[in-house]
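Engineer: Sharing coords.cif below, mmCIF, C-alpha atoms:
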```cif
data_model
#
loop_
_atom_site.label_atom_id
_atom_site.label_comp_id
_atom_site.auth_asym_id
_atom_site.auth_seq_id
_atom_site.Cartn_x
_atom_site.Cartn_y
_atom_site.Cartn_z
CA MET H 15 36.18 92.86 -45.56
CA ALA H 16 34.52 94.59 -42.58
CA THR H 17 35.85 93.62 -39.17
CA THR H 18 33.44 92.80 -36.35
CA THR H 19 34.19 94.81 -33.22
CA PRO H 20 33.43 93.71 -29.64
CA ARG H 21 30.72 96.38 -29.50
CA ASP H 22 29.08 94.87 -32.61
CA GLU H 23 29.13 91.42 -31.00
CA ILE H 24 27.48 92.78 -27.85
CA THR H 25 24.77 94.58 -29.83
CA THR H 26 24.02 91.49 -31.93
CA LEU H 27 24.11 88.72 -29.34
CA GLU H 28 23.58 90.15 -25.87
CA HIS H 29 20.17 91.83 -25.98
CA ALA H 30 18.56 89.31 -23.61
CA THR H 31 21.50 89.43 -21.19
CA LEU H 32 20.43 92.90 -20.03
CA LYS H 33 16.76 92.86 -21.01
CA VAL H 34 15.76 89.95 -18.77
CA PRO H 35 17.08 91.39 -15.46
CA TYR H 36 15.59 94.78 -16.39
CA GLU H 37 12.18 93.19 -16.94
CA LEU H 38 12.49 91.35 -13.61
CA LEU H 39 13.39 94.61 -11.85
CA ASN H 40 10.45 96.38 -13.49
CA LYS H 41 8.10 93.55 -12.47
CA LYS H 42 9.30 93.59 -8.84
CA PHE H 43 9.06 97.39 -8.68
CA ARG H 44 5.44 97.38 -9.82
CA ALA H 45 4.46 94.52 -7.50
CA ILE H 46 6.11 96.19 -4.50
CA GLN H 47 4.52 99.53 -5.39
CA LYS H 48 1.06 97.93 -5.26
CA ILE H 49 1.83 96.32 -1.89
CA LEU H 50 3.09 99.58 -0.40
CA ASP H 51 0.12 101.55 -1.77
CA ARG H 52 -2.18 99.07 -0.06
CA GLU H 53 -0.24 99.34 3.22
CA VAL H 54 -0.30 103.14 3.06
CA SER H 55 -4.07 102.98 2.60
CA HIS H 56 -4.38 100.78 5.71
CA VAL H 57 -2.19 103.12 7.78
CA SER H 58 -4.12 106.19 6.58
CA SER H 59 -7.45 104.55 7.39
CA SER H 60 -6.31 103.55 10.90
CA SER H 61 -4.85 107.00 11.52
CA ALA H 62 -8.10 108.66 10.45
CA ASP H 63 -10.08 106.37 12.77
CA LEU H 64 -7.69 107.21 15.63
CA SER H 65 -8.01 110.95 15.02
CA GLU H 66 -11.79 110.71 14.93
CA ALA H 67 -11.89 108.67 18.13
CA ALA H 68 -9.48 111.02 19.92
CA SER H 69 -11.69 114.01 19.12
CA HIS H 70 -14.77 112.27 20.54
CA PRO H 71 -15.50 113.33 24.14
CA ALA H 72 -16.75 109.91 25.18
CA ALA H 73 -13.63 108.03 24.06
CA THR H 74 -11.85 106.16 26.84
CA VAL H 75 -8.11 105.78 27.35
CA GLY H 76 -8.37 102.02 26.70
CA GLU H 77 -10.06 102.54 23.34
CA ILE H 78 -7.52 105.13 22.26
CA SER H 79 -4.65 102.89 23.43
CA GLY H 80 -6.02 99.91 21.47
CA MET H 81 -6.44 101.93 18.32
CA LEU H 82 -2.96 103.38 18.75
CA GLU H 83 -1.52 99.87 18.98
CA GLY H 84 -3.33 99.01 15.76
CA VAL H 85 -1.72 101.98 14.01
CA VAL H 86 1.70 100.96 15.33
CA GLN H 87 1.19 97.41 14.06
CA LYS H 88 0.21 98.65 10.62
CA LEU H 89 3.23 100.99 10.55
CA SER H 90 5.47 98.06 11.53
CA SER H 91 3.94 95.95 8.76
CA PHE H 92 4.46 98.81 6.31
CA LYS H 93 8.10 99.19 7.37
CA ARG H 94 8.77 95.43 7.10
CA LYS H 95 7.26 95.15 3.62
CA ALA H 96 9.09 98.29 2.48
CA GLU H 97 12.41 96.84 3.67
CA GLU H 98 11.66 93.52 1.96
CA GLY H 99 10.77 95.34 -1.25
CA ILE H 100 13.90 97.49 -1.17
CA GLU H 101 16.00 94.38 -0.59
CA GLN H 102 14.45 92.64 -3.61
CA GLU H 103 14.94 95.70 -5.81
CA LEU H 104 18.57 96.06 -4.69
CA GLU H 105 19.20 92.41 -5.59
CA SER H 106 17.70 92.94 -9.06
CA THR H 107 19.72 96.14 -9.47
CA ARG H 108 22.90 94.29 -8.44
CA LEU H 109 22.17 91.65 -11.05
CA CYS H 110 21.76 94.33 -13.75
CA LYS H 111 25.05 95.93 -12.71
CA VAL H 112 26.95 92.62 -12.72
CA ARG H 113 25.80 91.89 -16.25
CA LEU H 114 26.41 95.44 -17.44
CA ASP H 115 29.96 95.37 -16.05
CA HIS H 116 30.53 91.98 -17.68
CA LEU H 117 29.49 93.27 -21.11
CA THR H 118 31.27 96.60 -20.72
CA SER H 119 34.58 94.90 -19.93
CA TYR H 120 34.52 93.29 -23.37
CA ALA H 121 32.86 96.08 -25.36
CA SER H 122 35.54 98.56 -24.27
CA GLY H 123 38.09 96.71 -26.43
CA GLU H 124 40.78 97.25 -23.79
CA GLN H 125 41.20 93.59 -22.83
CA THR H 126 44.32 91.59 -23.60
CA GLU H 127 44.03 88.64 -25.96
CA GLY H 128 44.03 86.22 -23.02
CA MET H 129 41.26 88.15 -21.26
CA SER H 130 39.20 88.29 -24.47
CA ASN H 131 39.54 84.54 -24.97
CA ALA H 132 38.46 83.92 -21.35
CA TRP H 133 35.46 86.22 -21.86
CA ARG H 134 34.46 84.34 -25.03
CA LYS H 135 34.79 81.04 -23.16
CA THR H 136 32.38 82.40 -20.56
CA ARG H 137 30.00 83.46 -23.33
CA VAL H 138 30.05 79.93 -24.79
CA ASP H 139 29.22 78.56 -21.32
CA ARG H 140 26.34 81.04 -21.05
CA MET H 141 25.07 80.00 -24.48
CA LEU H 142 25.22 76.33 -23.50
CA VAL H 143 23.34 76.97 -20.25
CA ASP H 144 20.64 78.88 -22.14
CA HIS H 145 20.36 76.10 -24.72
CA PHE H 146 20.17 73.39 -22.04
CA LEU H 147 17.42 75.31 -20.22
CA ARG H 148 15.36 75.67 -23.39
CA ALA H 149 15.82 71.98 -24.15
CA GLY H 150 14.61 71.02 -20.66
CA HIS H 151 18.00 69.81 -19.35
CA TYR H 152 17.70 71.84 -16.15
CA SER H 153 20.08 69.79 -13.98
CA ALA H 154 22.86 69.95 -16.57
CA ALA H 155 22.33 73.71 -16.99
CA ILE H 156 22.48 74.35 -13.24
CA ARG H 157 25.63 72.24 -12.81
CA LEU H 158 27.37 74.01 -15.70
CA SER H 159 26.44 77.48 -14.39
CA GLU H 160 27.73 76.59 -10.91
CA SER H 161 30.98 75.01 -12.13
CA SER H 162 31.66 78.02 -14.40
CA GLY H 163 30.69 80.59 -11.75
CA ILE H 164 28.18 82.31 -14.03
CA GLU H 165 25.02 82.07 -11.90
CA ASP H 166 24.51 85.86 -12.11
CA LEU H 167 24.92 85.85 -15.90
CA VAL H 168 22.26 83.27 -16.80
CA ASP H 169 18.47 83.18 -16.34
CA VAL H 170 18.05 79.88 -14.51
CA ASP H 171 15.28 81.18 -12.20
CA ILE H 172 12.98 82.09 -15.10
CA PHE H 173 13.29 78.64 -16.65
CA VAL H 174 12.86 76.88 -13.29
CA VAL H 175 9.46 78.60 -12.97
CA CYS H 176 8.79 77.64 -16.58
CA GLN H 177 9.69 74.01 -15.78
CA ARG H 178 7.26 73.95 -12.83
CA VAL H 179 4.38 75.25 -14.97
CA GLU H 180 5.14 72.95 -17.91
CA GLU H 181 5.45 69.92 -15.65
CA ALA H 182 2.06 70.74 -14.10
CA LEU H 183 0.46 71.03 -17.54
CA ARG H 184 1.95 67.68 -18.56
CA ASN H 185 0.29 66.22 -15.45
CA HIS H 186 -3.00 67.88 -16.50
CA GLU H 187 -2.87 70.44 -13.66
CA THR H 188 -3.69 74.07 -14.47
CA GLY H 189 -3.16 75.73 -11.07
CA PRO H 190 0.50 76.81 -11.51
CA CYS H 191 -0.21 78.17 -15.00
CA ILE H 192 -3.20 80.22 -13.80
CA GLU H 193 -1.08 81.52 -10.92
CA TRP H 194 1.61 82.55 -13.43
CA CYS H 195 -1.03 84.32 -15.52
CA HIS H 196 -2.20 86.25 -12.45
CA ASP H 197 1.37 87.28 -11.57
CA ASN H 198 1.89 88.67 -15.08
CA ARG H 199 -1.66 89.76 -15.84
CA SER H 200 -0.94 93.38 -16.79
CA LYS H 201 1.73 92.46 -19.34
CA LEU H 202 -0.25 89.57 -20.74
CA ARG H 203 -3.21 91.92 -21.21
CA ARG H 204 -1.00 94.34 -23.17
CA MET H 205 0.22 91.39 -25.25
CA LYS H 206 -3.44 90.46 -25.91
CA SER H 207 -2.65 86.99 -24.64
CA THR H 208 -5.35 84.30 -24.66
CA LEU H 209 -3.36 81.88 -22.48
CA GLU H 210 -5.49 82.26 -19.34
CA PHE H 211 -8.68 81.81 -21.36
CA GLN H 212 -7.29 78.67 -23.02
CA VAL H 213 -6.31 77.23 -19.63
CA ARG H 214 -9.78 78.02 -18.24
CA LEU H 215 -11.27 76.41 -21.33
CA GLN H 216 -9.25 73.28 -20.64
CA ASP H 217 -10.59 73.19 -17.07
CA PHE H 218 -14.10 73.40 -18.52
CA ILE H 219 -13.36 70.57 -20.96
CA GLU H 220 -12.08 68.35 -18.15
CA LEU H 221 -15.25 68.95 -16.13
CA VAL H 222 -17.35 67.92 -19.13
CA ARG H 223 -15.10 64.90 -19.70
CA GLU H 224 -15.79 63.82 -16.09
CA ASP H 225 -19.55 64.32 -16.70
CA ARG H 226 -19.74 67.15 -14.14
CA ARG H 227 -21.80 69.28 -16.50
CA MET H 228 -23.61 71.53 -14.01
CA GLU H 229 -20.30 72.34 -12.37
CA ALA H 230 -18.87 73.06 -15.84
CA ILE H 231 -21.73 75.51 -16.52
CA ARG H 232 -21.08 77.34 -13.23
CA TYR H 233 -17.37 77.45 -14.05
CA ALA H 234 -18.10 78.89 -17.51
CA ARG H 235 -20.38 81.59 -16.07
CA LYS H 236 -17.70 82.62 -13.62
CA HIS H 237 -14.68 82.69 -15.92
CA PHE H 238 -15.80 82.91 -19.56
CA THR H 239 -17.81 86.09 -19.07
CA ALA H 240 -14.61 87.75 -17.85
CA ALA H 241 -12.84 86.92 -21.12
CA GLY H 242 -14.48 90.00 -22.62
CA SER H 243 -13.03 89.63 -26.12
CA GLU H 244 -15.14 89.34 -29.25
CA ASN H 245 -12.39 87.20 -30.77
CA LEU H 246 -13.12 84.49 -28.20
CA VAL H 247 -16.88 84.32 -28.74
CA LYS H 248 -16.61 81.46 -31.26
CA ASP H 249 -14.34 79.51 -28.91
CA ILE H 250 -16.84 79.95 -26.09
CA GLN H 251 -19.72 78.87 -28.33
CA SER H 252 -17.80 75.74 -29.38
CA ALA H 253 -16.98 75.00 -25.76
CA MET H 254 -20.61 75.25 -24.70
CA GLY H 255 -21.48 72.84 -27.49
CA LEU H 256 -19.40 70.22 -25.67
CA LEU H 257 -22.20 69.92 -23.12
CA ALA H 258 -24.24 68.05 -25.71
CA PHE H 259 -21.49 65.57 -26.61
CA SER H 260 -19.53 62.80 -24.92
CA PRO H 261 -15.73 62.46 -25.06
CA SER H 262 -16.17 59.54 -27.47
CA THR H 263 -17.98 61.69 -30.07
CA ARG H 264 -17.05 61.29 -33.72
CA CYS H 265 -17.77 64.92 -34.55
CA LYS H 266 -14.38 66.28 -35.62
CA ARG H 267 -15.05 69.77 -34.25
CA TYR H 268 -15.55 68.43 -30.73
CA GLN H 269 -13.05 65.58 -31.06
CA LYS H 270 -10.40 68.27 -31.39
CA LEU H 271 -11.50 69.92 -28.14
CA PHE H 272 -11.56 66.61 -26.27
CA SER H 273 -8.18 65.59 -27.68
CA PRO H 274 -5.34 65.17 -25.12
CA SER H 275 -3.08 67.00 -27.58
CA ARG H 276 -4.60 70.27 -26.31
CA TRP H 277 -2.35 69.94 -23.26
CA ASP H 278 0.72 69.97 -25.53
CA ALA H 279 -0.69 73.00 -27.32
CA LEU H 280 -1.07 74.78 -23.96
CA ILE H 281 2.56 74.00 -23.09
CA GLY H 282 3.68 75.42 -26.44
CA GLN H 283 1.58 78.57 -26.01
CA PHE H 284 2.84 79.09 -22.45
CA ARG H 285 6.45 78.72 -23.59
CA ARG H 286 6.01 81.22 -26.44
CA GLU H 287 4.33 83.80 -24.25
CA ASN H 288 6.90 83.37 -21.49
CA PHE H 289 9.62 84.15 -24.05
CA THR H 290 7.65 87.15 -25.35
CA LEU H 291 7.12 88.40 -21.80
CA TYR H 292 10.88 88.65 -21.22
CA GLN H 293 11.65 89.52 -24.87
CA LEU H 294 13.55 86.29 -25.43
CA SER H 295 13.96 84.87 -28.92
CA SER H 296 12.19 81.62 -29.80
CA GLN H 297 15.59 79.97 -30.40
CA SER H 298 18.65 79.92 -28.18
CA THR H 299 21.59 82.20 -28.98
CA LEU H 300 23.71 79.09 -29.50
CA SER H 301 21.31 77.81 -32.17
CA ILE H 302 21.14 81.20 -33.90
CA THR H 303 24.92 81.72 -34.02
CA LEU H 304 25.52 78.13 -35.10
CA GLN H 305 23.05 78.46 -37.98
CA ALA H 306 24.58 81.79 -39.03
CA GLY H 307 28.07 80.27 -39.10
CA LEU H 308 26.99 77.15 -40.99
CA SER H 309 25.04 79.11 -43.60
CA ALA H 310 28.10 81.34 -44.17
CA LEU H 311 30.22 78.26 -44.95
CA LYS H 312 27.70 76.03 -46.71
CA THR H 313 28.28 75.36 -50.42
CA PRO H 314 26.85 72.77 -52.87
CA GLN H 315 30.16 70.86 -52.62
CA CYS H 316 29.41 70.16 -48.94
CA TYR H 317 26.76 67.66 -50.12
CA LYS H 318 28.95 65.83 -52.66
CA PRO H 319 30.89 63.13 -50.76
CA GLU H 320 33.64 63.06 -53.37
CA GLU H 321 34.23 66.80 -52.84
CA PHE H 322 34.26 66.89 -49.01
CA ASN H 323 36.87 69.19 -47.49
CA VAL H 324 38.52 67.92 -44.32
CA GLN H 325 38.84 71.48 -43.02
CA CYS H 326 35.19 72.44 -43.65
CA PRO H 327 32.86 72.13 -40.62
CA VAL H 328 29.79 71.71 -42.84
CA CYS H 329 31.36 68.66 -44.53
CA SER H 330 31.49 66.82 -41.19
CA LYS H 331 28.54 64.51 -40.57
CA PRO H 332 26.89 66.23 -37.53
CA PHE H 333 27.08 69.75 -38.96
CA ASN H 334 26.18 68.51 -42.44
CA ASP H 335 22.81 67.32 -41.13
CA LEU H 336 22.23 70.51 -39.12
CA ALA H 337 22.99 72.71 -42.13
CA SER H 338 20.74 70.83 -44.58
CA PRO H 339 17.70 73.19 -44.20
CA LEU H 340 19.86 76.34 -44.31
CA PRO H 341 20.54 78.41 -47.46
CA PHE H 342 23.88 78.23 -49.27
CA ALA H 343 26.43 80.94 -48.67
CA HIS H 344 26.48 83.84 -51.11
CA CYS H 345 29.97 83.67 -52.63
CA SER H 346 30.86 86.48 -55.03
CA GLN H 347 34.32 84.95 -55.62
CA SER H 348 35.21 81.28 -56.04
CA TYR H 349 38.07 79.58 -54.22
CA LEU H 350 39.89 76.37 -55.07
CA ILE H 351 40.45 74.15 -52.02
CA CYS H 352 42.76 71.13 -51.97
CA THR H 353 40.78 68.10 -50.77
CA LEU H 354 44.00 66.48 -49.49
CA SER H 355 45.11 69.25 -47.16
CA GLY H 356 42.04 71.48 -46.95
CA LYS H 357 44.20 74.49 -47.83
CA PRO H 358 43.35 77.00 -50.57
CA MET H 359 45.10 76.60 -53.92
CA ASN H 360 46.70 79.89 -54.92
CA GLU H 361 50.04 81.33 -56.05
CA HIS H 362 51.71 79.85 -52.95
CA ASN H 363 50.01 76.46 -53.37
CA PRO H 364 49.31 76.16 -57.12
CA PRO H 365 46.82 73.56 -58.39
CA MET H 366 48.36 70.45 -59.96
CA VAL H 367 46.51 67.92 -62.16
CA LEU H 368 47.19 64.18 -62.07
CA PRO H 369 47.11 62.11 -65.29
CA ASN H 370 43.61 60.88 -64.29
CA GLY H 371 42.29 64.46 -64.30
CA TYR H 372 41.93 65.11 -60.54
CA VAL H 373 43.40 68.33 -59.19
CA TYR H 374 45.20 68.80 -55.84
CA GLY H 375 47.42 71.41 -54.23
CA ALA H 376 51.15 71.32 -54.95
CA GLN H 377 52.11 71.31 -51.25
CA ALA H 378 50.08 68.17 -50.48
CA LEU H 379 51.48 66.33 -53.53
CA LEU H 380 55.05 67.36 -52.68
CA ASP H 381 54.67 66.10 -49.13
CA MET H 382 53.22 62.80 -50.41
CA SER H 383 55.99 62.28 -52.98
CA ALA H 384 58.65 62.98 -50.35
CA GLU H 385 57.25 60.15 -48.21
CA THR H 386 56.78 57.64 -51.06
CA GLY H 387 59.92 58.13 -53.12
CA GLY H 388 58.57 60.37 -55.83
CA MET H 389 55.17 58.69 -56.21
CA VAL H 390 51.72 60.19 -55.59
CA THR H 391 48.44 58.34 -55.10
CA CYS H 392 45.05 59.79 -55.97
CA PRO H 393 42.82 59.30 -52.88
CA ARG H 394 39.70 59.15 -55.04
CA THR H 395 40.74 56.42 -57.49
CA ASN H 396 43.77 54.91 -55.66
CA ASN H 397 45.79 55.21 -58.90
CA THR H 398 49.52 55.85 -58.38
CA PHE H 399 51.62 58.10 -60.62
CA LYS H 400 55.11 59.50 -60.76
CA PHE H 401 55.37 63.04 -59.45
CA SER H 402 57.09 63.98 -62.70
CA ASP H 403 53.83 63.19 -64.55
CA VAL H 404 51.93 65.79 -62.53
CA LYS H 405 51.25 69.04 -64.40
CA LYS H 406 50.53 72.55 -63.24
CA VAL H 407 47.06 73.96 -63.89
CA TYR H 408 46.50 77.55 -64.96
CA VAL H 409 43.12 79.04 -64.09
CA MET H 410 41.96 81.98 -66.20
#
```
Translate this file's structure into structure tokens.
Structural biologist:
Amino acid sequence: MATTTPRDEITTLEHATLKVPYELLNKKFRAIQKILDREVSHVSSSSADLSEAASHPAATVGEISGMLEGVVQKLSSFKRKAEEGIEQELESTRLCKVRLDHLTSYASGEQTEGMSNAWRKTRVDRMLVDHFLRAGHYSAAIRLSESSGIEDLVDVDIFVVCQRVEEALRNHETGPCIEWCHDNRSKLRRMKSTLEFQVRLQDFIELVREDRRMEAIRYARKHFTAAGSENLVKDIQSAMGLLAFSPSTRCKRYQKLFSPSRWDALIGQFRRENFTLYQLSSQSTLSITLQAGLSALKTPQCYKPEEFNVQCPVCSKPFNDLASPLPFAHCSQSYLICTLSGKPMNEHNPPMVLPNGYVYGAQALLDMSAETGGMVTCPRTNNTFKFSDVKKVYVM
């Protein structure tokens, strides 16, 4: 059987651990670059005006001095914003390095067993924090990250922003979501996202719902013409049809647009596109690894109460329910497991059959007979037999 190496584990499970801080660094770099380009333009414009004024014979000392002060102020502003930008980029770079060092320490394979176990414990804590954040348990996630000292290894900040936007949408407020769309406009455009249009459409619907139809028309002229996609033409046409209907209409096409469930749909779309933006999977790493483990252990016997194995996680009630939609494990070789002890029945623990036909491992029956004076009791039927009546089973 192939052995999983630490490097394989990192490659399989830790993509988002490095990808998220890299995307944040890239986002900050581009935003700061735009700010600095704008500041450079201001400084260049002021410098050109100063040079032109200085070359003019009629320029006074006061005018030149005032313009010079303006250039100095713009240079000071440029310096301040450059320092702020560098500080933000250094913080993002530090975060990338912390995570890279954390993963490298395990991937190298040079850790002792105790260090590897501690690293895996930290990974479980990170998985739990990520799962809590996705489930909306922000306070629990923050407390766990602080108590475990893993603030730099989890993406709390991203989900806190996500919480603020989702909470606003639940309260039927679109401002924070539109602001988020503006902050990430270039990437959303490359993703061909329709989120901003859908949020604008919801604003339009609410104006119609409040019977502010002229204001809704002005809003549509301002924002729908900027949508610019042929794929959205039908949506725009349907939206404009709302002007002829009231919120109590029985027309199914427009009932759907007036439905409050559109707010939940917006929350779902925002969440999906936020994950896509940072290349996060739709499910938490904890959920993915748990499903992979359960599907590797799941067999038809896990759903037959009389065949439950005390040592099998899937046979326990909580995991049994979680594993129900998952496929069964592909087993190329069958194994006999003793339902008394949960241990495999093999040459060291041969299968033994009771007179009633039920089979158990020899070790479990020997231990039982030693405690009961040579008698064994079948746990399924509660029938008691002498150990001497038990026979060995030979499997061909």
Engineer: For this file, the PyMOL selection byres ((chain H and resi 139) around 12) selects which residues, as a VMD selection string?
Structural biologist: chain H and resid 132 to 138 140 to 146 154 to 165 167 to 168 299 to 300
Engineer: When the PyMOL selection byres ((chain H and resi 50-57) around 7) is applied to the file above, which residues end up in the set, as JSON, numbers by chain?
Structural biologist: {"H": [46, 47, 48, 49, 58, 59, 60, 61, 85, 88, 89, 92, 96]}
Engineer: Atoms to include: C-alpha atoms. Write the selected residues as a PDB file, in the frame of the given file.
Structural biologist:
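Saved the output as part_8.pdb:
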```pdb
ATOM      1  CA  ILE H  46       6.110  96.190  -4.500  1.00  0.00           C
ATOM      2  CA  GLN H  47       4.520  99.530  -5.390  1.00  0.00           C
ATOM      3  CA  LYS H  48       1.060  97.930  -5.260  1.00  0.00           C
ATOM      4  CA  ILE H  49       1.830  96.320  -1.890  1.00  0.00           C
ATOM      5  CA  SER H  58      -4.120 106.190   6.580  1.00  0.00           C
ATOM      6  CA  SER H  59      -7.450 104.550   7.390  1.00  0.00           C
ATOM      7  CA  SER H  60      -6.310 103.550  10.900  1.00  0.00           C
ATOM      8  CA  SER H  61      -4.850 107.000  11.520  1.00  0.00           C
ATOM      9  CA  VAL H  85      -1.720 101.980  14.010  1.00  0.00           C
ATOM     10  CA  LYS H  88       0.210  98.650  10.620  1.00  0.00           C
ATOM     11  CA  LEU H  89       3.230 100.990  10.550  1.00  0.00           C
ATOM     12  CA  PHE H  92       4.460  98.810   6.310  1.00  0.00           C
ATOM     13  CA  ALA H  96       9.090  98.290   2.480  1.00  0.00           C
TER      14      ALA H  96
END
```
Engineer: Could you check which of H:Val404, H:Cys316, H:Val75, H:Leu114 is closest to Ser383 of chain H, using all atoms listed in the file?
Structural biologist: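 Once distances to Ser383 of chain H are computed over all atoms listed in the file, the minimum belongs to H:Val404.
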Engineer: Evaluate the PyMOL selection byres ((chain H and resi 19-34) around 9) against this structure - the residues, as a list of chain:residue names, please.
Structural biologist: H:Thr17, H:Thr18, H:Pro35, H:Tyr36, H:Glu37, H:Leu38, H:Leu39, H:Cys110, H:Arg113, H:Leu114, H:Leu117, H:Thr118, H:Tyr120, H:Ala121, H:Ser122, H:Gly123, H:Leu167, H:Val168, H:Asp169, H:Tyr292, H:Gln293, H:Leu294, H:Ser295, H:Thr299, H:Thr303
Engineer: Please, could you write that set of residues out with C-alpha atoms as an mmCIF file, keeping the file's coordinate frame?
Structural biologist:
```cif
data_model
loop_
_atom_site.group_PDB
_atom_site.id
_atom_site.type_symbol
_atom_site.label_atom_id
_atom_site.label_comp_id
_atom_site.auth_asym_id
_atom_site.auth_seq_id
_atom_site.Cartn_x
_atom_site.Cartn_y
_atom_site.Cartn_z
ATOM 1 C CA THR H 17 35.850 93.620 -39.170
ATOM 2 C CA THR H 18 33.440 92.800 -36.350
ATOM 3 C CA PRO H 35 17.080 91.390 -15.460
ATOM 4 C CA TYR H 36 15.590 94.780 -16.390
ATOM 5 C CA GLU H 37 12.180 93.190 -16.940
ATOM 6 C CA LEU H 38 12.490 91.350 -13.610
ATOM 7 C CA LEU H 39 13.390 94.610 -11.850
ATOM 8 C CA CYS H 110 21.760 94.330 -13.750
ATOM 9 C CA ARG H 113 25.800 91.890 -16.250
ATOM 10 C CA LEU H 114 26.410 95.440 -17.440
ATOM 11 C CA LEU H 117 29.490 93.270 -21.110
ATOM 12 C CA THR H 118 31.270 96.600 -20.720
ATOM 13 C CA TYR H 120 34.520 93.290 -23.370
ATOM 14 C CA ALA H 121 32.860 96.080 -25.360
ATOM 15 C CA SER H 122 35.540 98.560 -24.270
ATOM 16 C CA GLY H 123 38.090 96.710 -26.430
ATOM 17 C CA LEU H 167 24.920 85.850 -15.900
ATOM 18 C CA VAL H 168 22.260 83.270 -16.800
ATOM 19 C CA ASP H 169 18.470 83.180 -16.340
ATOM 20 C CA TYR H 292 10.880 88.650 -21.220
ATOM 21 C CA GLN H 293 11.650 89.520 -24.870
ATOM 22 C CA LEU H 294 13.550 86.290 -25.430
ATOM 23 C CA SER H 295 13.960 84.870 -28.920
ATOM 24 C CA THR H 299 21.590 82.200 -28.980
ATOM 25 C CA THR H 303 24.920 81.720 -34.020
#
```
Engineer: How many Å separate atom CA of Arg178 of chain H from atom CA of Gln269 of chain H?
Structural biologist: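 Atom CA of Gln269 of chain H lies 28.5 Å from atom CA of Arg178 of chain H.
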Engineer: Can you pull out the residues contacting Phe211 of chain H? Cut-off 9 Å, using all atoms listed in the file, and skip same-chain residues under 5 positions away; I want them as JSON, numbers by chain.
Structural biologist: {"H": [216, 237, 238, 241, 246]}
Engineer: Using only C-alpha atoms, find the one residue out of H:Leu350, H:Leu291, H:Leu311, H:Ala73 that sits nearest to Phe333 of chain H.
Structural biologist: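 Distance minimum relative to Phe333 of chain H lands on H:Leu311.
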Engineer: Find the residue from H:Arg285, H:Arg235, H:His116, H:Arg394 that sits nearest to Val175 of chain H; use only C-alpha atoms when measuring.
Structural biologist: H:Arg285
Engineer: I'd like to know which of H:Asp403, H:Asn363, H:Ser252, H:Gln297 is closest to Lys270 of chain H, using only C-alpha atoms.
Structural biologist: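 Answer, going by the shortest atom-to-atom distance: H:Ser252.
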Engineer: With all atoms listed in the file as the atoms that count, which of H:Arg184, H:Arg232, H:Arg108, H:His70 lies nearest to Ala279 of chain H?
Structural biologist: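 Closest residue, counting all atoms listed in the file: H:Arg184.
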Engineer: Tell me which protein, DNA and RNA residues are within 8 Å of Gly375 of chain H, counting all atoms listed in the file, leaving out same-chain ones fewer than 2 positions away, and put them as a PyMOL selection string.
Structural biologist: chain H and resi 351-352+354-355+357-359+363-366+373+377-379
Engineer: Start from the incomplete input, build N, CA, C and O atoms for segment 311-318 of chain H, and deliver everything as an mmCIF file, keeping the file's coordinate frame.
Structural biologist:
```
data_model
loop_
_atom_site.group_PDB
_atom_site.id
_atom_site.type_symbol
_atom_site.label_atom_id
_atom_site.label_comp_id
_atom_site.auth_asym_id
_atom_site.auth_seq_id
_atom_site.Cartn_x
_atom_site.Cartn_y
_atom_site.Cartn_z
ATOM 1 N N LEU H 311 29.205 79.174 -44.421
ATOM 2 C CA LEU H 311 30.220 78.260 -44.950
ATOM 3 C C LEU H 311 29.639 77.236 -45.931
ATOM 4 O O LEU H 311 30.392 76.591 -46.663
ATOM 5 N N LYS H 312 28.332 77.093 -45.932
ATOM 6 C CA LYS H 312 27.700 76.030 -46.710
ATOM 7 C C LYS H 312 27.778 76.295 -48.218
ATOM 8 O O LYS H 312 27.434 77.377 -48.697
ATOM 9 N N THR H 313 28.232 75.298 -48.966
ATOM 10 C CA THR H 313 28.280 75.360 -50.420
ATOM 11 C C THR H 313 27.709 74.059 -50.988
ATOM 12 O O THR H 313 27.598 73.056 -50.272
ATOM 13 N N PRO H 314 27.358 74.024 -52.277
ATOM 14 C CA PRO H 314 26.850 72.770 -52.870
ATOM 15 C C PRO H 314 27.839 71.611 -52.738
ATOM 16 O O PRO H 314 27.442 70.449 -52.640
ATOM 17 N N GLN H 315 29.145 71.914 -52.724
ATOM 18 C CA GLN H 315 30.160 70.860 -52.620
ATOM 19 C C GLN H 315 30.101 70.141 -51.274
ATOM 20 O O GLN H 315 30.567 69.004 -51.158
ATOM 21 N N CYS H 316 29.516 70.786 -50.260
ATOM 22 C CA CYS H 316 29.410 70.160 -48.940
ATOM 23 C C CYS H 316 28.490 68.945 -48.959
ATOM 24 O O CYS H 316 28.481 68.172 -47.998
ATOM 25 N N TYR H 317 27.697 68.782 -50.030
ATOM 26 C CA TYR H 317 26.760 67.660 -50.120
ATOM 27 C C TYR H 317 27.127 66.709 -51.252
ATOM 28 O O TYR H 317 26.306 65.934 -51.717
ATOM 29 N N LYS H 318 28.402 66.782 -51.687
ATOM 30 C CA LYS H 318 28.950 65.830 -52.660
ATOM 31 C C LYS H 318 30.092 65.101 -51.967
ATOM 32 O O LYS H 318 31.168 65.675 -51.780
#
```
